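*Asks:* So I've got this file, query.cif, and it contains mmCIF, N, CA and C atoms:
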```
data_target
#
loop_
_atom_site.label_atom_id
_atom_site.label_comp_id
_atom_site.auth_asym_id
_atom_site.auth_seq_id
_atom_site.Cartn_x
_atom_site.Cartn_y
_atom_site.Cartn_z
N MET A 1 -7.95 -1.62 1.44
CA MET A 1 -8.34 -1.59 0.05
C MET A 1 -9.51 -2.57 -0.12
N PRO A 2 -10.60 -2.12 -0.70
CA PRO A 2 -11.75 -3.02 -0.87
C PRO A 2 -11.44 -4.16 -1.84
N ILE A 3 -12.12 -5.25 -1.61
CA ILE A 3 -11.95 -6.43 -2.47
C ILE A 3 -12.85 -6.27 -3.68
N ARG A 4 -12.29 -6.48 -4.86
CA ARG A 4 -13.09 -6.38 -6.08
C ARG A 4 -14.16 -7.46 -6.10
N ARG A 5 -15.28 -7.14 -6.71
CA ARG A 5 -16.41 -8.05 -6.75
C ARG A 5 -16.07 -9.41 -7.36
N GLU A 6 -15.31 -9.37 -8.44
CA GLU A 6 -14.98 -10.64 -9.11
C GLU A 6 -13.96 -11.48 -8.34
N HIS A 7 -13.25 -10.87 -7.38
CA HIS A 7 -12.26 -11.60 -6.59
C HIS A 7 -12.77 -12.00 -5.20
N ARG A 8 -13.97 -11.58 -4.87
CA ARG A 8 -14.51 -11.81 -3.53
C ARG A 8 -14.54 -13.28 -3.15
N TRP A 9 -14.82 -14.15 -4.11
CA TRP A 9 -15.00 -15.57 -3.80
C TRP A 9 -13.67 -16.30 -3.60
N PHE A 10 -12.55 -15.66 -3.91
CA PHE A 10 -11.24 -16.27 -3.66
C PHE A 10 -10.83 -16.17 -2.19
N TYR A 11 -11.41 -15.21 -1.47
CA TYR A 11 -11.05 -14.99 -0.07
C TYR A 11 -11.85 -15.91 0.83
N PRO A 12 -11.27 -16.34 1.96
CA PRO A 12 -12.03 -17.20 2.88
C PRO A 12 -13.11 -16.40 3.61
N ILE A 13 -14.06 -17.12 4.18
CA ILE A 13 -15.17 -16.48 4.88
C ILE A 13 -14.65 -15.66 6.07
N ASP A 14 -13.61 -16.15 6.73
CA ASP A 14 -13.09 -15.46 7.92
C ASP A 14 -11.97 -14.46 7.58
N TRP A 15 -11.97 -13.90 6.36
CA TRP A 15 -10.93 -12.97 5.96
C TRP A 15 -10.80 -11.75 6.88
N PRO A 16 -11.89 -11.11 7.33
CA PRO A 16 -11.73 -9.96 8.24
C PRO A 16 -10.99 -10.33 9.53
N GLN A 17 -11.29 -11.49 10.09
CA GLN A 17 -10.63 -11.91 11.32
C GLN A 17 -9.16 -12.26 11.05
N LEU A 18 -8.90 -12.94 9.96
CA LEU A 18 -7.53 -13.31 9.59
C LEU A 18 -6.69 -12.06 9.34
N SER A 19 -7.26 -11.10 8.64
CA SER A 19 -6.57 -9.84 8.36
C SER A 19 -6.27 -9.09 9.66
N ALA A 20 -7.22 -9.06 10.58
CA ALA A 20 -7.02 -8.37 11.86
C ALA A 20 -5.92 -9.04 12.68
N ILE A 21 -5.84 -10.35 12.65
CA ILE A 21 -4.78 -11.06 13.38
C ILE A 21 -3.42 -10.69 12.82
N ILE A 22 -3.29 -10.64 11.49
CA ILE A 22 -2.00 -10.30 10.87
C ILE A 22 -1.64 -8.85 11.18
N ARG A 23 -2.60 -7.93 11.03
CA ARG A 23 -2.31 -6.51 11.19
C ARG A 23 -2.07 -6.09 12.63
N PHE A 24 -2.86 -6.63 13.56
CA PHE A 24 -2.80 -6.09 14.92
C PHE A 24 -2.14 -7.02 15.93
N ARG A 25 -2.21 -8.32 15.74
CA ARG A 25 -1.55 -9.21 16.68
C ARG A 25 -0.10 -9.45 16.27
N ARG A 26 0.10 -9.89 15.02
CA ARG A 26 1.47 -10.18 14.58
C ARG A 26 2.28 -8.91 14.35
N ALA A 27 1.72 -7.92 13.66
CA ALA A 27 2.46 -6.70 13.31
C ALA A 27 2.36 -5.62 14.40
N GLN A 28 1.58 -5.85 15.43
CA GLN A 28 1.43 -4.89 16.54
C GLN A 28 0.93 -3.52 16.07
N GLY A 29 0.13 -3.47 15.01
CA GLY A 29 -0.45 -2.22 14.54
C GLY A 29 0.53 -1.33 13.79
N ARG A 30 1.60 -1.91 13.25
CA ARG A 30 2.60 -1.15 12.48
C ARG A 30 2.84 -1.85 11.15
N CYS A 31 3.19 -1.05 10.15
CA CYS A 31 3.52 -1.61 8.83
C CYS A 31 4.76 -2.49 8.98
N GLU A 32 4.70 -3.69 8.41
CA GLU A 32 5.83 -4.62 8.53
C GLU A 32 6.96 -4.28 7.57
N SER A 33 6.76 -3.30 6.72
CA SER A 33 7.82 -2.89 5.80
C SER A 33 8.53 -1.62 6.28
N CYS A 34 7.76 -0.59 6.64
CA CYS A 34 8.39 0.69 7.02
C CYS A 34 8.18 1.06 8.48
N GLY A 35 7.24 0.44 9.16
CA GLY A 35 7.04 0.71 10.58
C GLY A 35 6.04 1.80 10.91
N ARG A 36 5.32 2.34 9.94
CA ARG A 36 4.35 3.40 10.23
C ARG A 36 3.21 2.84 11.08
N PRO A 37 2.76 3.61 12.08
CA PRO A 37 1.71 3.14 12.99
C PRO A 37 0.31 3.31 12.40
N HIS A 38 -0.54 2.32 12.59
CA HIS A 38 -1.91 2.33 12.09
C HIS A 38 -2.75 3.40 12.80
N GLY A 39 -3.54 4.12 12.02
CA GLY A 39 -4.51 5.06 12.56
C GLY A 39 -3.97 6.42 12.95
N ARG A 40 -2.68 6.63 12.84
CA ARG A 40 -2.09 7.91 13.24
C ARG A 40 -1.90 8.83 12.05
N LEU A 41 -1.88 10.11 12.34
CA LEU A 41 -1.57 11.13 11.34
C LEU A 41 -0.05 11.28 11.34
N VAL A 42 0.59 10.97 10.21
CA VAL A 42 2.05 10.96 10.12
C VAL A 42 2.51 12.11 9.23
N CYS A 43 3.50 12.85 9.71
CA CYS A 43 4.11 13.93 8.93
C CYS A 43 5.17 13.30 8.03
N HIS A 44 5.14 13.66 6.73
CA HIS A 44 6.13 13.11 5.80
C HIS A 44 6.51 14.18 4.78
N LEU A 45 7.58 13.91 4.05
CA LEU A 45 8.10 14.89 3.10
C LEU A 45 7.68 14.60 1.66
N GLY A 46 6.90 13.57 1.43
CA GLY A 46 6.40 13.26 0.09
C GLY A 46 7.30 12.33 -0.70
N ASP A 47 8.50 12.05 -0.21
CA ASP A 47 9.41 11.16 -0.92
C ASP A 47 9.66 9.87 -0.15
N GLY A 48 8.86 9.60 0.85
CA GLY A 48 9.01 8.38 1.64
C GLY A 48 9.52 8.65 3.05
N ARG A 49 10.24 9.74 3.26
CA ARG A 49 10.75 10.05 4.59
C ARG A 49 9.60 10.52 5.47
N TRP A 50 9.54 9.99 6.70
CA TRP A 50 8.45 10.32 7.60
C TRP A 50 8.96 10.48 9.03
N TRP A 51 8.22 11.27 9.83
CA TRP A 51 8.57 11.57 11.20
C TRP A 51 7.95 10.55 12.13
N ASP A 52 8.81 9.82 12.87
CA ASP A 52 8.36 8.83 13.86
C ASP A 52 8.15 9.56 15.17
N GLU A 53 6.91 9.83 15.50
CA GLU A 53 6.56 10.61 16.68
C GLU A 53 6.97 9.90 17.97
N ASP A 54 6.87 8.58 18.01
CA ASP A 54 7.21 7.83 19.23
C ASP A 54 8.68 7.98 19.60
N ASN A 55 9.56 7.89 18.62
CA ASN A 55 11.00 7.94 18.88
C ASN A 55 11.62 9.30 18.56
N GLN A 56 10.82 10.25 18.06
CA GLN A 56 11.28 11.60 17.73
C GLN A 56 12.44 11.59 16.73
N VAL A 57 12.30 10.78 15.67
CA VAL A 57 13.34 10.69 14.62
C VAL A 57 12.67 10.61 13.26
N TRP A 58 13.41 10.98 12.22
CA TRP A 58 12.97 10.80 10.84
C TRP A 58 13.33 9.38 10.41
N ARG A 59 12.47 8.79 9.59
CA ARG A 59 12.74 7.45 9.06
C ARG A 59 12.61 7.49 7.54
N SER A 60 13.34 6.58 6.89
CA SER A 60 13.28 6.49 5.43
C SER A 60 12.00 5.74 5.04
N GLY A 61 11.76 5.60 3.75
CA GLY A 61 10.61 4.86 3.26
C GLY A 61 10.67 3.38 3.63
N ARG A 62 11.84 2.88 3.99
CA ARG A 62 12.01 1.49 4.43
C ARG A 62 12.02 1.35 5.95
N GLY A 63 11.85 2.48 6.67
CA GLY A 63 11.81 2.44 8.11
C GLY A 63 13.16 2.61 8.78
N ARG A 64 14.21 2.88 8.01
CA ARG A 64 15.54 3.06 8.59
C ARG A 64 15.69 4.46 9.17
N LEU A 65 16.49 4.56 10.21
CA LEU A 65 16.72 5.82 10.90
C LEU A 65 17.49 6.80 10.03
N LEU A 66 17.04 8.06 9.99
CA LEU A 66 17.75 9.14 9.29
C LEU A 66 18.22 10.14 10.33
N ARG A 67 19.50 10.36 10.43
CA ARG A 67 20.06 11.19 11.49
C ARG A 67 20.28 12.65 11.10
N ARG A 68 20.33 12.98 9.86
CA ARG A 68 20.76 14.31 9.44
C ARG A 68 19.64 15.34 9.36
N LEU A 69 18.40 14.94 9.52
CA LEU A 69 17.30 15.89 9.40
C LEU A 69 16.87 16.41 10.77
N PRO A 70 16.57 17.71 10.88
CA PRO A 70 16.07 18.25 12.15
C PRO A 70 14.59 17.89 12.33
N ALA A 71 14.07 18.17 13.50
CA ALA A 71 12.66 17.91 13.80
C ALA A 71 11.77 18.72 12.86
N PRO A 72 10.52 18.29 12.65
CA PRO A 72 9.63 19.00 11.72
C PRO A 72 9.46 20.49 12.03
N ALA A 73 9.44 20.85 13.31
CA ALA A 73 9.27 22.26 13.67
C ALA A 73 10.49 23.09 13.27
N GLU A 74 11.66 22.47 13.18
CA GLU A 74 12.90 23.17 12.85
C GLU A 74 13.19 23.20 11.35
N LEU A 75 12.41 22.49 10.55
CA LEU A 75 12.64 22.45 9.11
C LEU A 75 12.32 23.80 8.47
N SER A 76 12.93 24.05 7.36
CA SER A 76 12.69 25.27 6.61
C SER A 76 11.23 25.30 6.14
N PRO A 77 10.60 26.47 6.17
CA PRO A 77 9.22 26.55 5.69
C PRO A 77 9.10 26.29 4.19
N LEU A 78 10.22 26.30 3.48
CA LEU A 78 10.20 26.03 2.04
C LEU A 78 10.06 24.55 1.72
N LEU A 79 10.46 23.69 2.67
CA LEU A 79 10.34 22.25 2.43
C LEU A 79 8.88 21.83 2.53
N PRO A 80 8.42 21.00 1.59
CA PRO A 80 7.03 20.54 1.67
C PRO A 80 6.86 19.56 2.84
N ARG A 81 5.77 19.73 3.56
CA ARG A 81 5.43 18.80 4.63
C ARG A 81 3.97 18.42 4.47
N TYR A 82 3.71 17.14 4.51
CA TYR A 82 2.36 16.63 4.34
C TYR A 82 2.00 15.80 5.56
N LYS A 83 0.70 15.65 5.79
CA LYS A 83 0.23 14.77 6.85
C LYS A 83 -0.72 13.76 6.22
N THR A 84 -0.51 12.50 6.57
CA THR A 84 -1.31 11.42 6.03
C THR A 84 -1.73 10.48 7.15
N ARG A 85 -2.99 10.09 7.14
CA ARG A 85 -3.45 9.09 8.10
C ARG A 85 -3.09 7.71 7.57
N VAL A 86 -2.44 6.93 8.41
CA VAL A 86 -1.95 5.61 8.02
C VAL A 86 -3.03 4.57 8.28
N VAL A 87 -3.30 3.74 7.27
CA VAL A 87 -4.24 2.64 7.39
C VAL A 87 -3.53 1.38 6.94
N LEU A 88 -3.51 0.38 7.81
CA LEU A 88 -2.87 -0.88 7.47
C LEU A 88 -3.82 -1.78 6.69
N ALA A 89 -3.26 -2.51 5.76
CA ALA A 89 -4.01 -3.51 5.00
C ALA A 89 -3.21 -4.80 5.03
N CYS A 90 -3.88 -5.90 4.85
CA CYS A 90 -3.21 -7.20 4.81
C CYS A 90 -2.99 -7.55 3.33
N ALA A 91 -1.73 -7.68 2.94
CA ALA A 91 -1.38 -7.91 1.53
C ALA A 91 -0.92 -9.35 1.31
N HIS A 92 -1.27 -9.89 0.15
CA HIS A 92 -0.77 -11.20 -0.28
C HIS A 92 0.57 -10.98 -0.99
N LEU A 93 1.61 -11.60 -0.50
CA LEU A 93 2.94 -11.37 -1.06
C LEU A 93 3.08 -11.92 -2.48
N ASN A 94 2.36 -13.00 -2.80
CA ASN A 94 2.45 -13.57 -4.15
C ASN A 94 1.25 -13.17 -5.01
N HIS A 95 0.44 -12.23 -4.55
CA HIS A 95 -0.72 -11.70 -5.29
C HIS A 95 -1.80 -12.75 -5.55
N ASP A 96 -1.80 -13.85 -4.81
CA ASP A 96 -2.80 -14.90 -4.99
C ASP A 96 -3.71 -14.93 -3.76
N PRO A 97 -4.96 -14.45 -3.88
CA PRO A 97 -5.84 -14.38 -2.72
C PRO A 97 -6.32 -15.74 -2.21
N THR A 98 -6.02 -16.82 -2.93
CA THR A 98 -6.43 -18.14 -2.45
C THR A 98 -5.41 -18.72 -1.47
N GLN A 99 -4.21 -18.18 -1.42
CA GLN A 99 -3.18 -18.66 -0.50
C GLN A 99 -3.09 -17.72 0.69
N ASN A 100 -3.66 -18.17 1.81
CA ASN A 100 -3.80 -17.31 2.97
C ASN A 100 -2.98 -17.76 4.17
N GLY A 101 -1.86 -18.40 3.91
CA GLY A 101 -0.97 -18.81 4.99
C GLY A 101 -0.25 -17.60 5.58
N PRO A 102 0.19 -17.71 6.84
CA PRO A 102 0.84 -16.56 7.48
C PRO A 102 2.12 -16.11 6.77
N ARG A 103 2.80 -16.99 6.09
CA ARG A 103 4.02 -16.60 5.37
C ARG A 103 3.71 -15.80 4.11
N ASN A 104 2.50 -15.94 3.60
CA ASN A 104 2.11 -15.24 2.38
C ASN A 104 1.42 -13.90 2.66
N LEU A 105 1.14 -13.61 3.93
CA LEU A 105 0.43 -12.38 4.29
C LEU A 105 1.35 -11.43 5.04
N LYS A 106 1.16 -10.14 4.79
CA LYS A 106 1.99 -9.13 5.43
C LYS A 106 1.14 -7.88 5.66
N ALA A 107 1.29 -7.25 6.82
CA ALA A 107 0.59 -6.01 7.12
C ALA A 107 1.37 -4.85 6.53
N LEU A 108 0.74 -4.10 5.60
CA LEU A 108 1.40 -3.01 4.91
C LEU A 108 0.55 -1.74 4.97
N CYS A 109 1.22 -0.58 5.07
CA CYS A 109 0.52 0.70 4.98
C CYS A 109 0.17 0.96 3.51
N GLN A 110 -0.56 2.06 3.25
CA GLN A 110 -0.99 2.35 1.88
C GLN A 110 0.20 2.48 0.93
N ARG A 111 1.23 3.20 1.34
CA ARG A 111 2.38 3.45 0.48
C ARG A 111 3.11 2.15 0.15
N CYS A 112 3.39 1.35 1.16
CA CYS A 112 4.11 0.08 0.94
C CYS A 112 3.27 -0.90 0.12
N HIS A 113 1.94 -0.90 0.36
CA HIS A 113 1.06 -1.79 -0.39
C HIS A 113 1.04 -1.42 -1.87
N LEU A 114 0.96 -0.12 -2.16
CA LEU A 114 0.99 0.32 -3.56
C LEU A 114 2.32 -0.01 -4.23
N MET A 115 3.41 0.15 -3.51
CA MET A 115 4.72 -0.18 -4.07
C MET A 115 4.85 -1.68 -4.31
N HIS A 116 4.29 -2.49 -3.39
CA HIS A 116 4.35 -3.94 -3.55
C HIS A 116 3.53 -4.40 -4.76
N ASP A 117 2.36 -3.78 -4.96
CA ASP A 117 1.46 -4.18 -6.04
C ASP A 117 1.69 -3.42 -7.34
N ARG A 118 2.74 -2.64 -7.44
CA ARG A 118 2.96 -1.78 -8.59
C ARG A 118 2.95 -2.53 -9.93
N VAL A 119 3.66 -3.63 -10.01
CA VAL A 119 3.73 -4.38 -11.27
C VAL A 119 2.36 -4.93 -11.64
N GLU A 120 1.63 -5.41 -10.65
CA GLU A 120 0.28 -5.93 -10.90
C GLU A 120 -0.66 -4.82 -11.37
N HIS A 121 -0.56 -3.64 -10.77
CA HIS A 121 -1.39 -2.51 -11.20
C HIS A 121 -1.06 -2.10 -12.64
N GLN A 122 0.22 -2.12 -13.00
CA GLN A 122 0.62 -1.78 -14.37
C GLN A 122 0.08 -2.81 -15.36
N ARG A 123 0.12 -4.09 -14.96
CA ARG A 123 -0.41 -5.15 -15.84
C ARG A 123 -1.91 -4.97 -16.06
N ARG A 124 -2.65 -4.68 -14.99
CA ARG A 124 -4.10 -4.49 -15.11
C ARG A 124 -4.43 -3.24 -15.94
N ARG A 125 -3.62 -2.19 -15.77
CA ARG A 125 -3.84 -0.98 -16.57
C ARG A 125 -3.66 -1.28 -18.05
N TRP A 126 -2.61 -2.03 -18.39
CA TRP A 126 -2.36 -2.41 -19.77
C TRP A 126 -3.53 -3.22 -20.33
N LEU A 127 -4.04 -4.19 -19.53
CA LEU A 127 -5.19 -5.00 -19.97
C LEU A 127 -6.43 -4.13 -20.19
N THR A 128 -6.68 -3.19 -19.29
CA THR A 128 -7.84 -2.30 -19.43
C THR A 128 -7.74 -1.48 -20.71
N LEU A 129 -6.56 -0.95 -20.99
CA LEU A 129 -6.39 -0.17 -22.22
C LEU A 129 -6.61 -1.04 -23.46
N ARG A 130 -6.10 -2.27 -23.44
CA ARG A 130 -6.29 -3.19 -24.57
C ARG A 130 -7.76 -3.53 -24.76
N ARG A 131 -8.49 -3.74 -23.66
CA ARG A 131 -9.92 -4.03 -23.77
C ARG A 131 -10.68 -2.86 -24.38
N ARG A 132 -10.33 -1.65 -23.93
CA ARG A 132 -11.01 -0.46 -24.48
C ARG A 132 -10.74 -0.32 -25.97
N LYS A 133 -9.50 -0.58 -26.37
CA LYS A 133 -9.19 -0.51 -27.81
C LYS A 133 -9.95 -1.57 -28.58
N ALA A 134 -10.05 -2.77 -28.03
CA ALA A 134 -10.76 -3.85 -28.71
C ALA A 134 -12.24 -3.51 -28.87
N ILE A 135 -12.85 -2.96 -27.83
CA ILE A 135 -14.26 -2.57 -27.92
C ILE A 135 -14.43 -1.45 -28.93
N GLY A 136 -13.50 -0.50 -28.92
CA GLY A 136 -13.56 0.59 -29.90
C GLY A 136 -13.45 0.07 -31.32
N ASP A 137 -12.56 -0.88 -31.58
CA ASP A 137 -12.41 -1.46 -32.91
C ASP A 137 -13.65 -2.23 -33.31
N LEU A 138 -14.25 -2.92 -32.35
CA LEU A 138 -15.39 -3.77 -32.65
C LEU A 138 -16.62 -2.93 -33.03
N PHE A 139 -16.90 -1.86 -32.29
CA PHE A 139 -18.13 -1.12 -32.51
C PHE A 139 -17.96 0.18 -33.30
N LEU A 140 -16.79 0.79 -33.23
CA LEU A 140 -16.65 2.10 -33.85
C LEU A 140 -15.68 2.10 -35.04
N GLY A 141 -15.18 0.96 -35.40
CA GLY A 141 -14.16 0.92 -36.45
C GLY A 141 -12.80 1.12 -35.82
N LEU A 142 -11.91 1.76 -36.54
CA LEU A 142 -10.57 1.97 -36.01
C LEU A 142 -10.60 2.90 -34.81
N TYR A 143 -9.92 2.50 -33.75
CA TYR A 143 -9.87 3.26 -32.51
C TYR A 143 -8.80 4.33 -32.61
N ARG A 144 -9.16 5.55 -32.31
CA ARG A 144 -8.19 6.64 -32.38
C ARG A 144 -8.05 7.32 -31.06
#
```
In C-alpha cells, what does this structure look like?
*Replies:*
Amino acid sequence: MPIRREHRWFYPIDWPQLSAIIRFRRAQGRCESCGRPHGRLVCHLGDGRWWDEDNQVWRSGRGRLLRRLPAPAELSPLLPRYKTRVVLACAHLNHDPTQNGPRNLKALCQRCHLMHDRVEHQRRRWLTLRRRKAIGDLFLGLYR
C-alpha cells in the first residue's frame, strides 16, 4: 500500500529495507496472520477460505486447517472460485508510523491488512464526509 504524501515524513529513511526484513526474513514471505504466500496466485472462495497449494489443504481466513472441503478441482462448478495474487505489506499494529520497532510491525497480506485497518479506514471515511459537508455549507449554503 503506498504511503500517503502527508504521512511520508513519519516513516524512517530506511523504511523499504526495514519492511523487507519484516516481510521476507522474519515472516519468511508469508502473511503472519493467515499464512498466505507472497507473490503467488491463490485460489479462494471469497469468504476468507483459501487453498494452500504447498500442503494441498484448504485454510480458513485465520490460516487454520479446514478438513471438510475437497480439492478445488473436485468442488462443484456452482461454487464461486477466485484467484488473487498475494502481496505482503508491513503493517503498524498500533497505526502509528513513527513507532517502527519489531514488536509493532507485522507482515500482512492485502486481506489481513484491510481487516486490521478497518476501524481506521471507517474513521477516515467519516472525516472525509464531514469535510465535504463543511465545504458544501461554506460555499454552497445548505449541503444536500
*Asks:* Return the single residue from A:Lys83, A:Arg30, A:Arg64, A:Arg5 that is closest to A:Val42, with distances computed using all atoms listed in the file.
*Replies:* A:Lys83
*Asks:* In Å to one decimal, how far is atom CA of A:Arg85 from atom CA of A:Pro72?
*Replies:*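 Atom CA of A:Arg85 lies at a distance of 16.8 Å from atom CA of A:Pro72.
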*Asks:* Might you spell out which residues the PyMOL selection byres ((chain A and resi 88-104) around 6) would select in the displayed file, as a list in words?
*Replies:*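 Applying the PyMOL selection byres ((chain A and resi 88-104) around 6) to the structure shown produces Met1, Phe10, Tyr11, Ser19, His38, Gly39, Val86, Val87, Leu105, Lys106, Ala107, Leu108, Cys109 and Gln110 of chain A.
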*Asks:* Just to confirm, what's the straight-line distance from atom C of A:Arg23 to atom N of A:Arg111 in Å (one decimal)?
*Replies:*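 Atom N of A:Arg111 lies 15.0 Å from atom C of A:Arg23.
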*Asks:* Can you measure atom CA of A:Asp117 to atom CA of A:Asn55 for me? One decimal in Å is fine.
*Replies:*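 Value for the atom CA of A:Asp117-atom CA of A:Asn55 distance: 29.3 Å.
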*Asks:* For a quick check of understanding, using all atoms listed in the file, which of A:Arg62, A:Ala134, A:His44, A:Pro70 has the smallest distance to A:Glu32?
*Replies:*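 The closest residue to A:Glu32 is A:Arg62.
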*Asks:* Could you write out as a short mmCIF file (atom, residue, chain, number, x, y, z; two decimals) with N, CA and C atoms, in the coordinates of the input the residues that the PyMOL selection byres (((chain A and resi 48 and name CA) around 10) and name CA) matches in the shown file?
*Replies:*
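part.cif was written with the following content:
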```cif
data_model
loop_
_atom_site.label_atom_id
_atom_site.label_comp_id
_atom_site.auth_asym_id
_atom_site.auth_seq_id
_atom_site.Cartn_x
_atom_site.Cartn_y
_atom_site.Cartn_z
N CYS A 34 7.76 -0.59 6.64
CA CYS A 34 8.39 0.69 7.02
C CYS A 34 8.18 1.06 8.48
N HIS A 44 5.14 13.66 6.73
CA HIS A 44 6.13 13.11 5.80
C HIS A 44 6.51 14.18 4.78
N LEU A 45 7.58 13.91 4.05
CA LEU A 45 8.10 14.89 3.10
C LEU A 45 7.68 14.60 1.66
N GLY A 46 6.90 13.57 1.43
CA GLY A 46 6.40 13.26 0.09
C GLY A 46 7.30 12.33 -0.70
N ASP A 47 8.50 12.05 -0.21
CA ASP A 47 9.41 11.16 -0.92
C ASP A 47 9.66 9.87 -0.15
N ARG A 49 10.24 9.74 3.26
CA ARG A 49 10.75 10.05 4.59
C ARG A 49 9.60 10.52 5.47
N TRP A 50 9.54 9.99 6.70
CA TRP A 50 8.45 10.32 7.60
C TRP A 50 8.96 10.48 9.03
N ARG A 59 12.47 8.79 9.59
CA ARG A 59 12.74 7.45 9.06
C ARG A 59 12.61 7.49 7.54
N SER A 60 13.34 6.58 6.89
CA SER A 60 13.28 6.49 5.43
C SER A 60 12.00 5.74 5.04
N GLY A 61 11.76 5.60 3.75
CA GLY A 61 10.61 4.86 3.26
C GLY A 61 10.67 3.38 3.63
N ARG A 62 11.84 2.88 3.99
CA ARG A 62 12.01 1.49 4.43
C ARG A 62 12.02 1.35 5.95
N GLY A 63 11.85 2.48 6.67
CA GLY A 63 11.81 2.44 8.11
C GLY A 63 13.16 2.61 8.78
N ARG A 111 1.23 3.20 1.34
CA ARG A 111 2.38 3.45 0.48
C ARG A 111 3.11 2.15 0.15
N CYS A 112 3.39 1.35 1.16
CA CYS A 112 4.11 0.08 0.94
C CYS A 112 3.27 -0.90 0.12
#
```
*Asks:* Would you give me, as a ChimeraX atom specification, the residues in stretch 10-127 of chain A that DSSP reads as alpha helix (DSSP H)?
*Replies:* /A:15-20,110-116,118-127
*Asks:* Let's see if you can do this: from backbone DSSP, list all strand (DSSP E) residues in stretch 50-102 of chain A, as a list of chain:residue names.
*Replies:*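 Taking stretch 50-102 of chain A and keeping strand (DSSP E) gives A:Trp50, A:Trp51, A:Asp52, A:Val57, A:Trp58, A:Arg59, A:Leu65, A:Leu66, A:Tyr82, A:Lys83, A:Thr84, A:Arg85, A:Ala89, A:Cys90, A:Ala91, A:His92.
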*Asks:* Provide stretch 99-136 of chain A of the preceding structure as a file containing C-alpha atoms, as an mmCIF file, in the first residue's frame.
*Replies:*
```
data_model
loop_
_atom_site.group_PDB
_atom_site.id
_atom_site.type_symbol
_atom_site.label_atom_id
_atom_site.label_comp_id
_atom_site.auth_asym_id
_atom_site.auth_seq_id
_atom_site.Cartn_x
_atom_site.Cartn_y
_atom_site.Cartn_z
ATOM 1 C CA GLN A 99 6.925 3.602 16.043
ATOM 2 C CA ASN A 100 8.933 1.162 13.960
ATOM 3 C CA GLY A 101 10.037 -1.417 16.500
ATOM 4 C CA PRO A 102 9.828 -5.093 15.523
ATOM 5 C CA ARG A 103 7.005 -5.707 18.014
ATOM 6 C CA ASN A 104 4.890 -3.015 16.366
ATOM 7 C CA LEU A 105 5.387 -4.306 12.794
ATOM 8 C CA LYS A 106 3.752 -7.310 11.174
ATOM 9 C CA ALA A 107 3.815 -8.736 7.636
ATOM 10 C CA LEU A 108 0.219 -8.934 6.379
ATOM 11 C CA CYS A 109 -1.418 -9.829 3.060
ATOM 12 C CA GLN A 110 -3.940 -7.429 1.473
ATOM 13 C CA ARG A 111 -6.963 -9.083 3.108
ATOM 14 C CA CYS A 112 -5.481 -9.202 6.623
ATOM 15 C CA HIS A 113 -4.128 -5.648 6.297
ATOM 16 C CA LEU A 114 -7.548 -4.297 5.315
ATOM 17 C CA MET A 115 -9.201 -6.156 8.191
ATOM 18 C CA HIS A 116 -6.578 -4.822 10.626
ATOM 19 C CA ASP A 117 -7.033 -1.224 9.427
ATOM 20 C CA ARG A 118 -10.832 -1.408 9.123
ATOM 21 C CA VAL A 119 -11.636 0.883 12.068
ATOM 22 C CA GLU A 120 -9.065 3.441 10.912
ATOM 23 C CA HIS A 121 -10.491 3.400 7.362
ATOM 24 C CA GLN A 122 -14.008 3.940 8.748
ATOM 25 C CA ARG A 123 -12.768 6.870 10.857
ATOM 26 C CA ARG A 124 -11.074 8.495 7.843
ATOM 27 C CA ARG A 125 -14.179 7.957 5.712
ATOM 28 C CA TRP A 126 -16.311 9.691 8.343
ATOM 29 C CA LEU A 127 -13.836 12.624 8.471
ATOM 30 C CA THR A 128 -13.834 12.926 4.664
ATOM 31 C CA LEU A 129 -17.635 13.046 4.568
ATOM 32 C CA ARG A 130 -17.685 15.698 7.327
ATOM 33 C CA ARG A 131 -15.130 17.815 5.447
ATOM 34 C CA ARG A 132 -17.174 17.615 2.246
ATOM 35 C CA LYS A 133 -20.298 18.686 4.104
ATOM 36 C CA ALA A 134 -18.443 21.573 5.738
ATOM 37 C CA ILE A 135 -17.117 22.796 2.382
ATOM 38 C CA GLY A 136 -20.589 22.460 0.880
#
```
